[in-house]
$ cat target_8.cif   # mmCIF, C-alpha atoms and all ligand atoms
data_target
loop_
_atom_site.label_atom_id
_atom_site.label_comp_id
_atom_site.auth_asym_id
_atom_site.auth_seq_id
_atom_site.Cartn_x
_atom_site.Cartn_y
_atom_site.Cartn_z
CA MET A 1 -0.61 18.35 -1.04
CA GLY A 2 -0.55 14.60 -1.38
CA LEU A 3 -3.11 12.25 0.14
CA LYS A 4 -5.33 13.75 2.82
CA ILE A 5 -7.74 11.51 4.72
CA ASP A 6 -9.98 13.48 7.00
CA ASN A 7 -12.35 11.92 9.56
CA LEU A 8 -12.94 8.85 7.40
CA SER A 9 -15.57 6.43 8.59
CA GLY A 10 -16.09 3.33 6.52
CA GLY A 11 -16.14 -0.42 6.26
CA TYR A 12 -18.59 -3.00 4.99
CA ALA A 13 -22.36 -3.35 4.96
CA GLY A 14 -23.39 -3.73 8.58
CA ASN A 15 -19.78 -3.47 9.78
CA ASN A 16 -18.54 0.07 10.38
CA VAL A 17 -14.82 -0.65 10.76
CA LEU A 18 -13.10 2.75 10.50
CA LYS A 19 -13.96 5.55 12.90
CA ASN A 20 -12.77 9.11 12.24
CA VAL A 21 -9.51 8.10 10.61
CA THR A 22 -7.36 11.14 9.83
CA PHE A 23 -3.83 11.10 8.42
CA GLU A 24 -1.79 12.33 5.46
CA VAL A 25 0.71 11.00 2.98
CA PRO A 26 2.61 14.10 1.83
CA ASN A 27 4.16 14.00 -1.64
CA GLY A 28 7.70 12.63 -1.42
CA LYS A 29 7.06 10.69 1.82
CA ILE A 30 6.68 7.00 2.70
CA VAL A 31 3.94 6.26 5.24
CA ALA A 32 3.32 2.79 6.73
CA LEU A 33 -0.07 1.78 8.13
CA ILE A 34 0.50 -0.73 10.91
CA GLY A 35 -1.61 -2.55 13.48
CA LEU A 36 -2.68 -5.99 14.61
CA ASN A 37 -4.74 -8.32 12.41
CA GLY A 38 -8.19 -6.83 11.95
CA ALA A 39 -7.13 -3.28 12.95
CA GLY A 40 -8.46 -1.87 9.67
CA LYS A 41 -5.37 -1.48 7.45
CA SER A 42 -6.76 -3.22 4.35
CA THR A 43 -10.13 -1.53 4.85
CA THR A 44 -8.38 1.86 4.83
CA ILE A 45 -6.51 0.86 1.66
CA ASN A 46 -9.79 -0.27 0.04
CA HIS A 47 -11.23 3.18 0.65
CA VAL A 48 -8.10 4.95 -0.62
CA ILE A 49 -8.10 3.07 -3.92
CA GLY A 50 -11.79 3.77 -4.37
CA GLN A 51 -13.11 0.24 -3.94
CA ARG A 52 -15.50 1.36 -1.24
CA PRO A 53 -17.18 4.77 -0.77
CA PRO A 54 -16.60 6.58 2.54
CA TYR A 55 -19.58 6.57 4.95
CA ALA A 56 -18.38 9.92 6.24
CA GLY A 57 -15.31 12.13 5.95
CA SER A 58 -13.18 12.91 2.91
CA ILE A 59 -10.29 11.51 0.88
CA LEU A 60 -8.37 13.97 -1.30
CA LEU A 61 -5.34 13.34 -3.49
CA ASN A 62 -3.58 16.45 -4.69
CA ASP A 63 -6.82 18.36 -4.10
CA ILE A 64 -8.99 15.93 -6.10
CA ASP A 65 -11.85 14.58 -3.98
CA ILE A 66 -12.53 10.86 -4.49
CA SER A 67 -16.27 11.41 -4.04
CA GLN A 68 -16.43 14.21 -6.60
CA ASP A 69 -14.12 12.93 -9.35
CA PRO A 70 -13.36 9.25 -8.75
CA THR A 71 -11.88 8.69 -12.23
CA ALA A 72 -9.34 11.54 -11.96
CA PHE A 73 -8.58 10.48 -8.38
CA LYS A 74 -7.93 6.83 -9.31
CA GLN A 75 -5.75 7.76 -12.30
CA GLN A 76 -3.26 9.23 -9.83
CA ILE A 77 -2.87 5.90 -8.03
CA ALA A 78 -0.73 2.82 -8.65
CA TYR A 79 -1.73 -0.12 -6.46
CA ILE A 80 0.00 -3.36 -5.50
CA PRO A 81 -2.61 -5.63 -3.88
CA GLU A 82 -1.87 -8.27 -1.27
CA GLN A 83 -3.13 -10.96 -3.66
CA PRO A 84 -2.14 -10.60 -7.34
CA ILE A 85 -5.04 -9.83 -9.68
CA LEU A 86 -4.33 -10.97 -13.25
CA TYR A 87 -6.50 -11.79 -16.26
CA ASP A 88 -6.08 -15.44 -17.23
CA GLU A 89 -6.28 -14.75 -20.95
CA LEU A 90 -3.77 -11.85 -21.16
CA THR A 91 -0.02 -12.33 -21.55
CA LEU A 92 2.42 -10.40 -19.36
CA GLU A 93 3.04 -7.97 -22.22
CA GLU A 94 -0.69 -7.47 -22.83
CA HIS A 95 -1.24 -6.81 -19.12
CA LEU A 96 1.39 -4.07 -19.10
CA HIS A 97 0.07 -2.37 -22.27
CA PHE A 98 -3.45 -2.54 -20.83
CA MET A 99 -2.37 -0.94 -17.54
CA LEU A 100 -0.52 1.88 -19.33
CA ALA A 101 -3.55 2.57 -21.52
CA SER A 102 -5.93 2.59 -18.56
CA HIS A 103 -3.78 5.29 -16.95
CA ASN A 104 -3.57 7.31 -20.19
CA ILE A 105 0.19 6.84 -20.27
CA ASP A 106 2.12 7.05 -23.53
CA ASP A 107 3.18 3.48 -24.20
CA GLU A 108 6.21 4.22 -26.40
CA GLN A 109 7.70 6.76 -24.00
CA HIS A 110 7.35 4.42 -21.01
CA TRP A 111 8.28 1.09 -22.52
CA GLN A 112 12.01 1.54 -21.85
CA ARG A 113 11.27 1.94 -18.13
CA VAL A 114 9.06 -1.14 -18.27
CA LEU A 115 11.91 -3.19 -19.78
CA VAL A 116 14.31 -2.05 -17.03
CA LEU A 117 11.78 -3.10 -14.35
CA LEU A 118 11.13 -6.45 -16.04
CA ALA A 119 14.88 -7.16 -16.10
CA LYS A 120 15.22 -6.19 -12.43
CA PHE A 121 12.59 -8.77 -11.48
CA ARG A 122 13.87 -11.34 -14.01
CA LEU A 123 10.67 -11.27 -16.07
CA ASP A 124 12.23 -9.80 -19.23
CA ASN A 125 12.16 -13.11 -21.13
CA LYS A 126 8.58 -13.90 -20.10
CA LEU A 127 6.63 -11.21 -21.96
CA HIS A 128 4.57 -13.79 -23.85
CA TRP A 129 3.71 -15.93 -20.82
CA LEU A 130 0.16 -16.27 -19.52
CA PRO A 131 -0.52 -15.98 -15.74
CA ILE A 132 -1.10 -19.73 -15.50
CA HIS A 133 2.64 -20.25 -16.11
CA PHE A 134 3.76 -17.93 -13.30
CA SER A 135 4.66 -19.03 -9.77
CA LYS A 136 3.06 -17.15 -6.83
CA GLY A 137 6.12 -14.94 -6.37
CA MET A 138 6.30 -14.24 -10.11
CA ARG A 139 2.63 -13.20 -10.16
CA GLN A 140 3.39 -10.77 -7.34
CA LYS A 141 6.36 -9.43 -9.31
CA VAL A 142 4.09 -8.77 -12.30
CA MET A 143 1.89 -6.59 -10.05
CA ILE A 144 5.00 -4.82 -8.77
CA VAL A 145 6.35 -4.06 -12.26
CA ALA A 146 2.89 -2.90 -13.37
CA ALA A 147 2.62 -0.52 -10.40
CA PHE A 148 6.12 0.95 -10.54
CA MET A 149 6.01 1.49 -14.31
CA LEU A 150 3.11 3.94 -13.82
CA ASN A 151 5.22 6.37 -11.75
CA ALA A 152 1.94 7.55 -10.22
CA PRO A 153 1.60 10.44 -7.75
CA LEU A 154 0.55 7.93 -5.06
CA LEU A 155 1.75 4.34 -4.77
CA VAL A 156 -0.42 2.15 -2.52
CA VAL A 157 1.05 -1.17 -1.44
CA ASP A 158 -0.73 -3.76 0.69
CA GLU A 159 1.85 -6.07 2.34
CA PRO A 160 4.56 -5.64 -0.30
CA PHE A 161 6.82 -8.52 0.66
CA LEU A 162 4.47 -11.52 0.81
CA GLY A 163 5.84 -14.33 -1.31
CA LEU A 164 8.91 -12.41 -2.48
CA ASP A 165 12.51 -13.64 -2.23
CA THR A 166 14.89 -11.40 -0.27
CA LEU A 167 16.47 -9.99 -3.43
CA ALA A 168 13.06 -8.86 -4.71
CA GLN A 169 12.17 -7.45 -1.26
CA LYS A 170 15.27 -5.22 -1.36
CA ASP A 171 14.42 -4.10 -4.89
CA VAL A 172 10.89 -3.15 -3.81
CA VAL A 173 12.25 -1.05 -0.93
CA ARG A 174 14.71 0.70 -3.27
CA LEU A 175 11.93 1.39 -5.78
CA MET A 176 9.63 2.81 -3.07
CA GLU A 177 12.49 5.10 -1.97
CA GLU A 178 13.02 6.15 -5.60
CA GLN A 179 9.30 6.97 -5.91
CA ALA A 180 9.52 9.19 -2.83
CA ARG A 181 12.67 10.93 -4.12
CA GLN A 182 10.78 11.73 -7.32
CA GLY A 183 8.10 13.47 -5.25
CA ASN A 184 5.46 10.73 -5.26
CA GLY A 185 3.78 9.57 -2.05
CA VAL A 186 3.92 5.95 -0.89
CA LEU A 187 1.34 4.36 1.42
CA LEU A 188 2.00 0.78 2.50
CA THR A 189 0.80 -1.71 5.07
CA THR A 190 3.33 -3.97 6.73
CA HIS A 191 3.85 -6.20 9.74
CA LEU A 192 7.66 -5.95 9.41
CA LEU A 193 8.22 -2.90 11.60
CA GLY A 194 11.91 -3.41 12.26
CA SER A 195 12.90 -3.27 8.61
CA ALA A 196 10.25 -0.64 7.74
CA ALA A 197 11.85 1.68 10.31
CA ASN A 198 14.82 1.94 7.93
CA TYR A 199 12.88 3.47 5.07
CA VAL A 200 9.52 4.91 6.21
CA ASP A 201 9.08 8.53 7.22
CA THR A 202 5.95 8.01 9.29
CA PHE A 203 4.11 5.16 10.99
CA VAL A 204 0.33 5.40 11.37
CA VAL A 205 -0.83 2.92 14.01
CA LEU A 206 -4.42 1.69 13.66
CA LYS A 207 -6.18 0.08 16.59
CA ASP A 208 -9.78 -1.14 16.35
CA GLY A 209 -10.37 1.05 13.30
CA GLN A 210 -9.04 4.23 14.90
CA VAL A 211 -5.74 6.07 14.61
CA ASP A 212 -3.78 5.39 17.78
CA PHE A 213 -0.47 7.04 16.88
CA ILE A 214 1.17 9.03 14.08
CA GLY A 215 4.90 9.71 14.10
CA SER A 216 8.40 8.83 13.02
CA PRO A 217 9.92 5.38 13.65
CA GLU A 218 12.04 7.00 16.39
CA ALA A 219 8.97 8.51 18.08
CA LEU A 220 7.11 5.18 17.97
CA ALA A 221 10.09 3.33 19.44
CA GLN A 222 10.53 5.97 22.14
CA LYS A 223 6.82 5.88 23.08
CA HIS A 224 7.08 2.16 23.80
CA ASN A 225 10.58 2.22 25.33
CA LEU A 226 11.96 0.20 22.46
CA SER A 227 15.09 0.66 20.39
CA LEU A 228 14.60 0.94 16.62
CA ALA A 229 16.24 -2.47 16.28
CA ASN A 230 13.58 -3.97 18.59
CA LEU A 231 10.59 -2.28 17.01
CA ASP A 232 9.18 -5.66 15.96
CA ASP A 233 8.38 -6.22 19.67
CA PHE A 234 5.81 -3.42 19.38
CA PHE A 235 3.17 -5.94 18.33
CA ASP A 236 3.84 -8.05 21.44
CA LEU A 237 3.24 -4.96 23.59
CA SER A 238 0.04 -4.09 21.67
CA GLN A 239 -1.19 -7.65 22.12
CA GLU A 240 -0.52 -7.50 25.86
CA GLY A 241 -2.47 -4.23 26.04
CA GLN A 242 -5.44 -5.87 24.31
CA ASN A 243 -5.30 -9.00 26.45
CA ASN A 244 -5.29 -6.87 29.58
CA GLY A 245 -8.59 -5.33 28.48
CA PRO A 246 -9.67 -1.68 28.56
CA ASN A 247 -9.49 -1.09 32.29
N1 LIG B 301 -15.39 -8.11 3.31
C1 LIG B 301 -15.61 -7.86 4.60
N2 LIG B 301 -16.87 -7.82 5.08
C2 LIG B 301 -17.14 -7.55 6.37
N3 LIG B 301 -16.18 -7.30 7.30
C3 LIG B 301 -14.90 -7.34 6.87
C4 LIG B 301 -14.55 -7.62 5.51
N4 LIG B 301 -13.19 -7.58 5.39
C5 LIG B 301 -12.73 -7.28 6.61
N5 LIG B 301 -13.74 -7.14 7.49
C6 LIG B 301 -13.61 -6.79 8.92
O1 LIG B 301 -13.03 -5.51 9.03
C7 LIG B 301 -12.15 -5.45 10.14
C8 LIG B 301 -10.81 -4.92 9.67
O2 LIG B 301 -10.25 -5.82 8.74
P1 LIG B 301 -8.99 -5.45 7.84
O3 LIG B 301 -8.89 -6.52 6.79
O4 LIG B 301 -9.10 -4.05 7.39
O5 LIG B 301 -7.81 -5.57 8.90
P2 LIG B 301 -6.25 -5.52 8.67
O6 LIG B 301 -5.72 -4.54 9.65
O7 LIG B 301 -5.93 -5.30 7.24
O8 LIG B 301 -5.85 -7.00 9.14
P3 LIG B 301 -4.70 -8.00 8.64
O9 LIG B 301 -3.44 -7.59 9.30
O10 LIG B 301 -5.19 -9.31 9.14
O11 LIG B 301 -4.64 -7.96 7.12
C9 LIG B 301 -12.11 -6.86 10.74
O12 LIG B 301 -12.95 -6.88 11.85
C10 LIG B 301 -12.67 -7.73 9.65
O13 LIG B 301 -13.37 -8.81 10.20
#

$ encode --input "target_8.cif" --output "structure tokens"
Amino acid sequence: MGLKIDNLSGGYAGNNVLKNVTFEVPNGKIVALIGLNGAGKSTTINHVIGQRPPYAGSILLNDIDISQDPTAFKQQIAYIPEQPILYDELTLEEHLHFMLASHNIDDEQHWQRVLVLLAKFRLDNKLHWLPIHFSKGMRQKVMIVAAFMLNAPLLVVDEPFLGLDTLAQKDVVRLMEEQARQGNGVLLTTHLLGSAANYVDTFVVLKDGQVDFIGSPEALAQKHNLSLANLDDFFDLSQEGQNNGPN
């Protein structure tokens, strides 16, 4: 069980980006989607969170098919977007209550966890602030608190570290690991392979909208004759491969 993507084709009107993408995020595992700019990572994420319907293939989360029951499917997902999405007229506190309600989560039971997360990201004294008062990093932290408070079966994170200070980056990694320990799946996109190798179970490499590799950090490093510490050089090698052309 967990997330199962089978032969997914998808993209945008007139631009079929993903071709037969197949991979899984088992419950309790952290999977990182990686690839060069334009490889199709965000497009895959858009399909997984139900923003775009698949052209072909299937997306199941704990046996619920996104095409057959999109509401039940989406209620199992917590999502941290690359760019924060906040309502200008809602305070931080109102945002969090709204998110809990939209996921049918008992507010009173969960509020203690919310307060712990707010304190961790130093937002605990800002419950009455409106988004206009938040810095870029603080806006991102609001999205992070909102996602982790849901404790959802699948956490989807698009570029989790953009705009975050190093302390917050470490907290996000620890929280993703905690999610996995609790049996939830985590799907993230990242360009920071070297550090991701320390906490992900599986890398899924996308190239031109297709899955090019699935395996552990060790297997990916071995395939490219790299040490885990030098895994960031993987992108240089991919780039060279592209520049050299298909033949
Ligand atoms: N809204 C859109 N409409 C049409 N084509 C798009 C749209 N968004 C992205 N694309 C195209 O889809 C392809 C994959 O883009 P995508 O954003 O999924 O890549 P990515 O791997 O997430 O890249 P990055 O690392 O730059 O975030 C690219 O060719 C891009 O031009």

$ residues_around --input "target_8.cif" --residues "Ala229 of chain A" --least-positions-apart "6" --cutoff "10 Å" --atoms "all atoms listed in the file" --output "mmCIF file with C-alpha atoms, in the frame of the given file"
data_model
loop_
_atom_site.group_PDB
_atom_site.id
_atom_site.type_symbol
_atom_site.label_atom_id
_atom_site.label_comp_id
_atom_site.auth_asym_id
_atom_site.auth_seq_id
_atom_site.Cartn_x
_atom_site.Cartn_y
_atom_site.Cartn_z
ATOM 1 C CA LEU A 193 8.220 -2.900 11.600
ATOM 2 C CA GLY A 194 11.910 -3.410 12.260
ATOM 3 C CA SER A 195 12.900 -3.270 8.610
ATOM 4 C CA ALA A 197 11.850 1.680 10.310
ATOM 5 C CA ASN A 198 14.820 1.940 7.930
ATOM 6 C CA ALA A 221 10.090 3.330 19.440
#

$ closest_atom_pairs --input "target_8.cif" --of "segment 147-224 of chain A" --to "segment 34-42 of chain A" --cutoff "10 Å" --atoms "all atoms listed in the file" --output "JSON lines"
{"residue": "A:Val157", "atom": "CA", "partner": "A:Ser42", "partner_atom": "CA", "distance": 9.9}
{"residue": "A:Asp158", "atom": "CA", "partner": "A:Ser42", "partner_atom": "CA", "distance": 7.1}
{"residue": "A:Glu159", "atom": "CA", "partner": "A:Ser42", "partner_atom": "CA", "distance": 9.3}
{"residue": "A:Leu188", "atom": "CA", "partner": "A:Ile34", "partner_atom": "CA", "distance": 8.7}
{"residue": "A:Thr189", "atom": "CA", "partner": "A:Ile34", "partner_atom": "CA", "distance": 5.9}
{"residue": "A:Thr190", "atom": "CA", "partner": "A:Ile34", "partner_atom": "CA", "distance": 6.0}
{"residue": "A:His191", "atom": "CA", "partner": "A:Ile34", "partner_atom": "CA", "distance": 6.5}
{"residue": "A:Leu192", "atom": "CA", "partner": "A:Ile34", "partner_atom": "CA", "distance": 9.0}
{"residue": "A:Leu193", "atom": "CA", "partner": "A:Ile34", "partner_atom": "CA", "distance": 8.0}
{"residue": "A:Phe203", "atom": "CA", "partner": "A:Ile34", "partner_atom": "CA", "distance": 6.9}
{"residue": "A:Val204", "atom": "CA", "partner": "A:Ile34", "partner_atom": "CA", "distance": 6.1}
{"residue": "A:Val205", "atom": "CA", "partner": "A:Ile34", "partner_atom": "CA", "distance": 5.0}
{"residue": "A:Leu206", "atom": "CA", "partner": "A:Gly35", "partner_atom": "CA", "distance": 5.1}
{"residue": "A:Lys207", "atom": "CA", "partner": "A:Ala39", "partner_atom": "CA", "distance": 5.0}
{"residue": "A:Asp208", "atom": "CA", "partner": "A:Ala39", "partner_atom": "CA", "distance": 4.8}
{"residue": "A:Gly209", "atom": "CA", "partner": "A:Gly40", "partner_atom": "CA", "distance": 5.0}
{"residue": "A:Gln210", "atom": "CA", "partner": "A:Ala39", "partner_atom": "CA", "distance": 8.0}
{"residue": "A:Val211", "atom": "CA", "partner": "A:Ala39", "partner_atom": "CA", "distance": 9.6}
{"residue": "A:Asp212", "atom": "CA", "partner": "A:Gly35", "partner_atom": "CA", "distance": 9.3}
{"residue": "A:Phe213", "atom": "CA", "partner": "A:Ile34", "partner_atom": "CA", "distance": 9.8}

$ residues_around --input "target_8.cif" --residues "Gly50 of chain A" --least-positions-apart "6" --cutoff "12 Å" --atoms "all atoms listed in the file" --output "PyMOL selection string"
chain A and resi 10+43-44+58-61+65-79+156

$ write_last_selection --input "target_8.cif" --atoms "C-alpha atoms" --output "short mmCIF file (atom, residue, chain, number, x, y, z; two decimals), in the frame of the given file"
data_model
loop_
_atom_site.label_atom_id
_atom_site.label_comp_id
_atom_site.auth_asym_id
_atom_site.auth_seq_id
_atom_site.Cartn_x
_atom_site.Cartn_y
_atom_site.Cartn_z
CA GLY A 10 -16.09 3.33 6.52
CA THR A 43 -10.13 -1.53 4.85
CA THR A 44 -8.38 1.86 4.83
CA SER A 58 -13.18 12.91 2.91
CA ILE A 59 -10.29 11.51 0.88
CA LEU A 60 -8.37 13.97 -1.30
CA LEU A 61 -5.34 13.34 -3.49
CA ASP A 65 -11.85 14.58 -3.98
CA ILE A 66 -12.53 10.86 -4.49
CA SER A 67 -16.27 11.41 -4.04
CA GLN A 68 -16.43 14.21 -6.60
CA ASP A 69 -14.12 12.93 -9.35
CA PRO A 70 -13.36 9.25 -8.75
CA THR A 71 -11.88 8.69 -12.23
CA ALA A 72 -9.34 11.54 -11.96
CA PHE A 73 -8.58 10.48 -8.38
CA LYS A 74 -7.93 6.83 -9.31
CA GLN A 75 -5.75 7.76 -12.30
CA GLN A 76 -3.26 9.23 -9.83
CA ILE A 77 -2.87 5.90 -8.03
CA ALA A 78 -0.73 2.82 -8.65
CA TYR A 79 -1.73 -0.12 -6.46
CA VAL A 156 -0.42 2.15 -2.52
#

$ atom_distance --input "target_8.cif" --atom1 "atom CA of His224 of chain A" --atom2 "atom CA of Asp201 of chain A"
17.9 Å

$ axis_aligned_box --input "target_8.cif" --around "ligand LIG 301 (chain B)" --padding-each-side "8 Å" --output "lines of an AutoDock Vina configuration file"
center_x = -10.3
center_y = -6.7
center_z = 7.6
size_x = 29.7
size_y = 21.3
size_z = 24.5

$ atom_distance --input "target_8.cif" --atom1 "atom CA of Val114 of chain A" --atom2 "atom CA of Leu187 of chain A"
21.9 Å

$ atom_distance --input "target_8.cif" --atom1 "atom CA of Lys29 of chain A" --atom2 "atom CA of Asp236 of chain A"
27.3 Å

$ residues_near_point --input "target_8.cif" --point "(10.4, 7.8, 7.6)" --cutoff "12 Å" --atoms "all atoms listed in the file" --output "ChimeraX atom specification"
/A:25-26,28-32,176-177,180,185-187,193,195-204,214-220

$ residues_around --input "target_8.cif" --residues "Glu93 of chain A" --least-positions-apart "5" --cutoff "9 Å" --atoms "all atoms listed in the file" --output "list of chain:residue names"
A:Phe98, A:Lys126, A:Leu127, A:His128, A:Trp129

$ write_last_selection --input "target_8.cif" --atoms "C-alpha atoms" --output "CSV table (one decimal), keeping the file's coordinate frame"
chain,number,residue,atom,x,y,z
A,98,PHE,CA,-3.4,-2.5,-20.8
A,126,LYS,CA,8.6,-13.9,-20.1
A,127,LEU,CA,6.6,-11.2,-22.0
A,128,HIS,CA,4.6,-13.8,-23.8
A,129,TRP,CA,3.7,-15.9,-20.8

$ closest_residue --input "target_8.cif" --among "A:Ser135, A:Gln140, A:Asn15, A:Ser9" --to "ligand LIG 301 (chain B)" --atoms "all atoms listed in the file"
A:Asn15

$ closest_residue --input "target_8.cif" --among "A:Met138, A:Leu162, A:Ala119, A:Leu100" --to "ligand LIG 301 (chain B)" --atoms "all atoms listed in the file"
A:Leu162
